[in-house]
Each structure stands twice: as structure tokens, then as C-alpha cells.
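Below is one structure, written out as C-alpha cells; comments come after it.
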Amino acid sequence: MWELIRANRRKSIILFFVMGLCLAVLGGAIGMFVDSFYASRTYSDFHNLTHESARSAPAGPSYAVYIGIAIALGLWMFQSIIAYFFGSKILLSASGATEVTHDVHPQLFNIVEEMKIAANLPVMPKVYIIPQAAPNAFATGIKPENCAIAVTAGLLSKLNRDELQGVIAHEMSHIINRDVLFMTFSGIMLGSIVLISQVFLRGMLYSGGGHGRRYGGGDSKGGGGWAILIITIVIAILVPILAHLLYYAISRKREYLADASAVRLTRYPEGLASALEVISNSHEELPTANKVTAPMYISNPLAGGKQNLSSLSSTHPPILKRIGILRAMSQGADFKTYQNAYARFTTKNKDLIPESSLAESVAVPLRQGTSAGRPAASRKQSTRDMGDLMRAVNQFAFLGCACGLKMKIPPDFKKPSVKCPRCGKINDLPHTELAAIAAMGAEGAFGPQTSQAPAKPTIKEKTPYYRRQGNDWESFKCVCGNLVQLSPAFSGSQVQCSKCNRKILIKGAK
Amino acid sequence: MIPALIALGIILVLAFIFIGFYNSLVRLRNQVKNAWSQIDVQLKRRHDLIPNLIETAKGYMKHERETLEGITQARSRAMSSEGIGETAKAEGALSGAMSKFFLVVENYPDLKANENFLALQEELTSTENKIAFSRQGYNDQVLFFNNKIEMFPSNVVANMFNFTQSEFFEIEDQAEKAVPKVSF
């Protein structure tokens with residue numbers, strides 16, 4: 001594993017320099033052009049200038065080249081600094097992700113923890129859910145110490161446990177292989193290149209071009225201006241394309257590597273394979289993703305149904321090929337097996353994983369899956385689960401009526417009770433009941449002013465109570481937010497919350 | 001004078017090498033201990049979860065008393081076992097009893113629909129996985145430590161201070177051993 005990280009880092013540095021060179025060439029060319037343009041213009045516009053200043057002009061370009069390079073690199077540096085400190089936050093908020101706790105989706109949390117143990121990560125990554133129907137996931141975090149994993153609600157509702165484990169392992173691999181670090185910085189470098197060339201080309205189109213033509217016509221110096229102009233335009237068009245291709249090629253390779261590492265972590269290639277299959281079968285696009293964030297996701301969020309087209313400009317390898325490689329791993333879960341499977345599916349450039357890390361990898365045996373088959377949930381059921389999940393992320397409360405209907409209570413619902421739309425029974429909202437007591441308790445302790453903040457209730461005087469609705473399974477939320485369940489057989493007068501150890505009185509039905 | 005200095009120098013160098021070996025052995029032993037405690041946490045968690053599971057299942061599985069009792073017995077045996085080898089054996093038996101239980105559960109759709117049960121099942125599955133993954137890490141550490149104890153020259157230091165080899169944690173994992181049956 002370490003050898004792979006080291007090889008990755010080595011390649012990253014090389015690529016980094018190549019891209020930096022692209023950026024510098026672009027900046028330098030533009031600087032040269034701007035200088036020659038202004039020098040010529042000054043010359044033609046102010047003909048009465050002395051020869052001295054005209055003669056000093058040739059010394060100018062070298063300066064301007066350096067200024068151009070400095071501006072280009074400065075822009076990149078500025079963006080990199082921002083990305084280093086706020087990159088994760090920007091990416092997460094751009095995708096609309098919300099951080100969740102164990103209670104919202106225990107399985108997701110457990111799986112992340114399992115993979116944390118398997119990957120030997122020093123800390124538990126933060127877990128985010130994106131309330132979107134398209135199944136996808138991404139990881140972020142410059143360092144493994146402050147990383148985060150975000151998955152969409154659609155992914156959680158469509159995958160079973162083993163598949164989800166595969167996806168999380170893939171994302172975890174991006175973190176431990178330092179792909180996030182690399183993709184962030186080279187992504188920004190790419191962004192800078194594109195930005196600079198766009199600004200230049202558009203500037204040429206709308207204003208600069210006109211001037212150029214005017215002075216280029218009669219002046220003998222115009223010939224040099226033209227040449228520089230053409231060279232600069234060619235550079236401004238070619239360099240971004242080159243940088244793109246470079247970036248995408250690396251991005252694709254890292255997806256394969258993350259797949260290989262993921263299998264090593266879970267020792268169950270079928271999990272990731274069938275997860276990718278599910279993802280490739282869905283045709284939803286992720287509206288919160290864009291071209292810049294696309295390489296971060298497990299599969300291209302913008303491709304929709306066209307995930308199998310392989311081209312130079314795709315950020316992800318064709319998904320069917322990824323599945324095929326994973327399914328061909330019948331010998332074991334180590335890098336060597338993946339490498340062999342990869343070679344079988346590729347015609348040229350067969351080496352994916354560096355020799356040095358192949359040599360150190362020991363045979364890792366395969367494991368059997370835990371969840372036998374997909375939970376036999378219908379399409380309707382899985383859509384419903386996804387809706388519930390999205391509401392849970394948005395802090396909706398759920399209230400089961402005695403008739404079996406599950407009511408979803410929005411967080412800003414103020415009334416103390418709600419009428420069941422199916423059977424008409426008036427149900428008390430448990431959380432408002434508890435919050436009211438909490439507010440009362442707070443009032444008794446601190447006077448009436450403090451009751452304005454019921455968001456953080458503190459109970460001192462009175463034990464909270466819950467009134468039973470009937471004799472069926474019932475659940476209510478404790479003040480701490482933990483869900484407490486009562487079985488039909490329960491007959492005691494109080495329960496203890498398993499999370500905060502608060503005692504809650506249980507009163508019989510009215 | 002000079003030979004004495006040379007001798008002193010050699011002794012000092014040897015002492016430093018000696019201290020270095022000793023410290024690295026202590027560090028490795030602590031790493032093994034730490035890795036073991038990672039497993040231990042998960043094993044304890046499993047022991048804590050099982051009574052809840054049985055309590056929930058009891059109402060639904062009146063005819064499966066044997067299976068449930070099997071789990072309870074395996075659990076108490078696992079809890080009272082001492083030493084890594086014995087623990088591994090007892091925990092393996094417990095894993096076997098649990099997987100048998102989850103097979104039987106397939107026949108009780110009511111139980112499978114119980115939210116409480118599903119939550120417990122998820123926690124147990126996850127704990128089982130965590131045991132498996134941390135076991136891997138532990139065994140790697142043990143291999144490294146044991147190699148250091150056996151190999152020259154660190155074995156000299158190890159023998160002097162009574163460093164003993166650690167045991168591997170080998171669970172007879174049913175899921176890992178079972179070959180999928182294929183019938184045509």
C-alpha cells in the first residue's frame with residue numbers, strides 16, 4: 001500500500017511540473033503578446049516620440065514575459081491557497097451535502113467505520129449525505145486526518161450492504177492514495193489555465209483583434225506583431241487542450257487504482273462490481289455536480305446514461321470495463337490479481353500498478369459477501385426509503401399513527417398535535433411534548449427570558465414523559481434526539497434513553 | 001590510553017545498538033497490544049449486543065429455543081475465555097452460532113420486519129466485519145513482532161529480557177471457509 005502511495009506521489013509531482021510549465025508558457029506568451037501589442041501601438045500612435053524610447057522597446061518583451069508568468073502562477077497560487085484551506089467546504093456545500101450523525105443512517109456510518117479500520121486511517125472521516133436521487137459518491141479532504149465522504153440518498157436506497165461497502169472502500173482509497181490532494185491541485189491548475197486562455201481569447205475577439213488589424217496593416221513592425229499574435233493564439237488554444245487531456249488521463253488511471261485498492265480493503269470485488277452496475281443502470285444526472293467536481297465522484301455524474309463511451313476527454317474509465325475487471329478477479333483480492341485482470345481487458349499500455357508495489361503485495365484471499373442478494377424492496381419502496389432519508393437529513397420528525405401511517409413532520413411544524421390524514425386520530429407530537437416540558441423546566445430555573453431558546457432544552461425540574469398512543473409498536477424521540485422504541489409487550493412506567501440515560505416516564509393511553 | 005578509549009568507544013556503540021534493539025522490541029510489543037485492544041473493543045461490543053438480540057427474537061422464535069440457547073452458551077464461554085488462543089476459538093464458535101441464527105431468521109418474516117431487530121442485525125454485522133478487519137491488522141503486527149524476536153541479532157536482546165512471541169488471532173470463520181455450493 002505504501003509503495004503505491006509513494007509511486008502516486010512521484011507521478012503527481014512530475015505531472016504537476018508539466019502542468020505548471022503549461023501555465024507558465026501560456027502566461028509568458030500572453031505577456032509577450034501584450035507587450036508587443038502595446039509597444040507597437042505606442043509607436044504608431046505617438047509618432048513624434050524620440051528614437052530613444054523606440055529603441056528601448058526591444059528590451060521590454062523579456063520583462064513582460066516574466067510579468068505574464070508571474071501573474072499566471074500568482075493566480076494559481078492564490079486559488080491553491082484557498083483550495084487548501086476551504087476546498088472541502090466549498091466542494092461539499094456546492095454539492096448540497098449535509099453532515100449526518102449515526103442515527104440518520106446507522107449502516108452507512110458502520111460501513112465507513114469498518115473501512116476506516118481496514119484502511120488503518122487515523123481518524124473517522126466525516127460522513128455527508130447529498131439529498132439527490134442520482135446514485136453517486138465522492139471523497140474530499142487534503143489530508144487523511146480531515147477527510148470527508150459524501151454519498152447521495154439515491155445511492156443509499158439503491159445499494160445493499162456489500163455494494164455500499166465497495167463504494168465506500170473506493171472513496172476511502174482515494175483518500176489513502178492521496179488522490180484528493182492531487183486532483184484538487186491539478187484541477188485548480190487546469191482551471192487557471194482555462195481561465196487565463198479564455199480571458200485572453202475573448203479579449204482578442206472583442207477588442208484586441210481590432211486594434212491589431214489596424215496597426216498591423218501599414219507598419220513594418222506589424223509583421224512581428226502578427227507572428228506573436230498568431231503564436232499566442234495557438235498557444236492559448238492548444239495548452240488548455242493539452243492540460244485537459246493530461247488531467248483526464250490521470251483521472252482515469254486513478255479510478256482504476258482506487259478500484260484495485262478498494263478490493264484490497266473489502267476483499268470482495270463483487271460488491272463494488274455490482275454497485276457500479278447499479279450506478280451505470282441509473283440514468284439520473286446529478287444536478288449539483290459540475291465539470292470541475294466531476295472527477296471526484298465514483299462515476300461521472302454528468303454522463304447520465306452514456307457512461308460507457310470511452311474517449312480522451314472523459315474523467316472516468318468506461319464503467320463496463322471497470323465491472324469486467326472486477327468480475328475477472330477470481331484468484332484473490334490483491335493488486336497482482338487486479339493487474340492481471342486489467343491486462344486482460346486492455347490492449348496497449350498494460351501496466352497499471354507500479355512494479356515495486358506489485359512485488360510487495362502479498363496474496364489477499366477473497367471473502368464471501370454478507371448480505372445475500374438485494375433486499376427485496378420494490379421500486380416504490382426504495383423511492384419511499386429515499387424520501388424518508390432525505391427528510392431525515394433535513395431534520396424531519398417521523399410519527400407513526402396507530403393506523404399504521406407514517407407521518408412526516410417538518411422541522412418548522414409548530415403545533416403540539418397533528419391529525420392523521422388517514423384515520424383522523426389526533427396524535428400528540430412527542431418532541432413538542434418533551435420540548436414544552438423542557439421549556440417549562442428552563443423557565444423555572446432561569447426565569448421567563450430563557451424560554452425564547454427552546455432549541456437547546458435543558459431539563460432539570462421535571463422528568464419528561466411520553467403518552468402512549470395505543471398498544472402497538474411505538475417510537476418517540478428523546479430530548480437528546482435519540483429514537484426510543486416501545487414494544488407491544490412493554491408495561492413499565494418508565495424507560496431509560498439508551499443514549500443520554502435520561503429517564504422518561506411512560507403514561508398509558510388516554 | 002588510546003586502546004582504552006577505543007574500547008570505551010566500542011562499548012558505547014554496542015550499548016547504543018543494544019538500547020536501540022530493546023526499544024524497538026518494546027515499541028512492537030506495544031503495537032501488538034494496541035492492535036489487540038482494537039479487536040477486544042469489538043468483541044466486547046458483540047457480547048453486549050447479543051442479549052438484546054435474543055430478547056427481541058424470543059417473542060417471535062418460540063420454536064428455536066435450541067438455537068438461542070446455543071448463542072447464549074457460546075457467548076458466556078467466549079466471555080469467560082482467557083488467553084488469545086482460547087478466546088479466538090470461543091469467538092469462532094460464537095460467530096458460527098450467530099451465522100446459524102441468521103440463517104434460521106430467514107424463516108421468520110415478522111421478525112425480519114421488526115425495526116428493532118433490523119437495527120441490531122446491522123450492528124452485529126458491522127461488529128463482525130470490524131472484528132475481521134482489525135484481526136487482519138493485528139495478525140500483521142504479530143507477524144512482524146514474532147519475526148523480530150526470532151531473527152538475529154534482535155533475538156539476543158529478546159531472549160535476555162524474556163520477550164515472548166505473541167499468538168495469532170485465527171478465527172475459524174465459517175463464512176471464509178465455506179465454499180459456495182454449486183448444484184446443477
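Residue numbering restarts at 1 in every chain; chains get A, B, ... in the order shown in the C-alpha cells, and ligands count up from 1 in that same order.
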Legend entry - Near-range 86-95 of chain B list (12 Å; only C-alpha atoms; drop same-chain fewer than 6 positions) as a ChimeraX atom specification: /B:36,39-40,42-44,46-47,50,67-80,101-102,124-125,127-129,131-132,135,167-177
Legend entry - Nearby residues (only C-alpha atoms) at most 8 Å from Pro301 in chain A, same-chain spacing under 4 positions excluded, as a ChimeraX atom specification: /A:136,285-286,289,294,297
With all heavy atoms retained, export the selected residues as an mmCIF file, in the first residue's frame.
```cif
data_model
loop_
_atom_site.group_PDB
_atom_site.id
_atom_site.type_symbol
_atom_site.label_atom_id
_atom_site.label_comp_id
_atom_site.auth_asym_id
_atom_site.auth_seq_id
_atom_site.Cartn_x
_atom_site.Cartn_y
_atom_site.Cartn_z
ATOM 1 N N ASN A 136 -24.473 8.282 -6.460
ATOM 2 C CA ASN A 136 -23.081 8.666 -6.640
ATOM 3 C C ASN A 136 -22.449 8.941 -5.285
ATOM 4 O O ASN A 136 -23.145 8.981 -4.273
ATOM 5 C CB ASN A 136 -22.981 9.916 -7.519
ATOM 6 C CG ASN A 136 -21.879 9.774 -8.539
ATOM 7 O OD1 ASN A 136 -20.829 9.223 -8.231
ATOM 8 N ND2 ASN A 136 -22.117 10.259 -9.735
ATOM 9 N N GLU A 285 -29.001 12.356 -13.756
ATOM 10 C CA GLU A 285 -27.807 13.178 -13.648
ATOM 11 C C GLU A 285 -27.814 13.865 -12.300
ATOM 12 O O GLU A 285 -28.863 14.064 -11.692
ATOM 13 C CB GLU A 285 -27.777 14.240 -14.760
ATOM 14 C CG GLU A 285 -27.146 13.726 -16.023
ATOM 15 C CD GLU A 285 -26.712 14.855 -16.943
ATOM 16 O OE1 GLU A 285 -26.626 16.001 -16.479
ATOM 17 O OE2 GLU A 285 -26.475 14.562 -18.118
ATOM 18 N N LEU A 286 -26.637 14.194 -11.843
ATOM 19 C CA LEU A 286 -26.530 14.853 -10.554
ATOM 20 C C LEU A 286 -26.464 16.355 -10.810
ATOM 21 O O LEU A 286 -25.459 16.864 -11.304
ATOM 22 C CB LEU A 286 -25.270 14.370 -9.848
ATOM 23 C CG LEU A 286 -25.167 14.633 -8.367
ATOM 24 C CD1 LEU A 286 -26.325 14.002 -7.627
ATOM 25 C CD2 LEU A 286 -23.870 14.082 -7.828
ATOM 26 N N ALA A 289 -23.495 18.583 -9.451
ATOM 27 C CA ALA A 289 -22.101 18.384 -9.851
ATOM 28 C C ALA A 289 -21.793 19.262 -11.047
ATOM 29 O O ALA A 289 -22.683 19.660 -11.790
ATOM 30 C CB ALA A 289 -21.861 16.930 -10.215
ATOM 31 N N ALA A 294 -16.521 16.894 -11.161
ATOM 32 C CA ALA A 294 -16.831 15.570 -11.712
ATOM 33 C C ALA A 294 -15.793 14.487 -11.407
ATOM 34 O O ALA A 294 -16.168 13.370 -11.049
ATOM 35 C CB ALA A 294 -17.070 15.673 -13.213
ATOM 36 N N TYR A 297 -16.138 12.212 -8.149
ATOM 37 C CA TYR A 297 -17.204 11.239 -7.912
ATOM 38 C C TYR A 297 -16.785 9.835 -8.337
ATOM 39 O O TYR A 297 -15.849 9.675 -9.114
ATOM 40 C CB TYR A 297 -18.466 11.653 -8.662
ATOM 41 C CG TYR A 297 -19.154 12.846 -8.060
ATOM 42 C CD1 TYR A 297 -18.790 14.139 -8.413
ATOM 43 C CD2 TYR A 297 -20.165 12.690 -7.130
ATOM 44 C CE1 TYR A 297 -19.420 15.243 -7.860
ATOM 45 C CE2 TYR A 297 -20.798 13.779 -6.580
ATOM 46 C CZ TYR A 297 -20.424 15.052 -6.944
ATOM 47 O OH TYR A 297 -21.045 16.128 -6.381
#
```
For range 178-193 of chain A: contacts at 7 Å, only C-alpha atoms, fewer than 6 positions along chain excluded, given as a compact mmCIF listing (two decimals) with C-alpha atoms, in the first residue's frame:
```
# COMPACT_ATOMS: atom_id res chain seq x y z
CA SER A 12 1.90 13.63 -9.18
CA PHE A 16 2.46 18.97 -11.52
CA LEU A 23 0.69 27.53 -17.23
CA LEU A 75 -3.38 33.33 -9.85
CA TRP A 76 -2.79 29.61 -9.48
CA GLN A 79 -6.51 29.63 -5.83
CA SER A 80 -4.43 26.80 -4.37
CA THR A 140 -12.72 15.04 -0.13
CA GLY A 141 -10.02 16.21 2.25
CA ILE A 142 -6.45 17.22 1.52
CA PRO A 240 -5.72 24.14 -22.34
CA ALA A 243 -3.74 20.20 -19.99
CA HIS A 244 -7.25 18.76 -20.17
CA VAL A 292 -14.69 20.73 -12.03
```
Inset, instruction - Figure out the distance between CA of Cys500 in chain A and CA of Asp48 in chain B, please, to one decimal in Å. - result: 17.6 Å
Inset, instruction - Select, from A:Ile149, A:Met115, A:Met172, A:Ile298, the residue with the minimum atom-to-atom distance to chain B, counting only C-alpha atoms. - result: A:Met115
Legend entry - Among the residues A:Ser417, A:Gln132, A:Ser330, A:Asn110, the one that comes closest to chain B [using only C-alpha atoms]: A:Asn110
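When the distance limit is 7 Å and only C-alpha atoms are what count, the residues near Gly154 in chain A, minus those fewer than 2 positions from it on the same chain, are Gln132, Ala133, Ala134, Pro135, Thr152, Leu156, Ser157, Lys158 and Met386 of chain A.
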Inset, instruction - Find the spatial neighbours of range 140-148 of chain B, counting only C-alpha atoms, within a cut-off of 9 Å - ignore same-chain residues fewer than 4 positions away - and output them as a PyMOL selection string. - result: chain B and resi 25+28-29+31-32+35+135-136+152-155+158+164-168
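CA of Pro131 in chain A lies 7.0 Å from CA of Ala97 in chain A.
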Legend entry - Backbone-only DSSP, alpha helix (DSSP H) members of chain B, as an MDAnalysis selection string: chainID B and resid 2:58 65:80 84:105 109:113 115:150 154:160 174:177
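Counting only C-alpha atoms and comparing B:Ile19, B:Val26, B:Ile10, B:Leu120, the residue that lies closest to chain A is B:Leu120.
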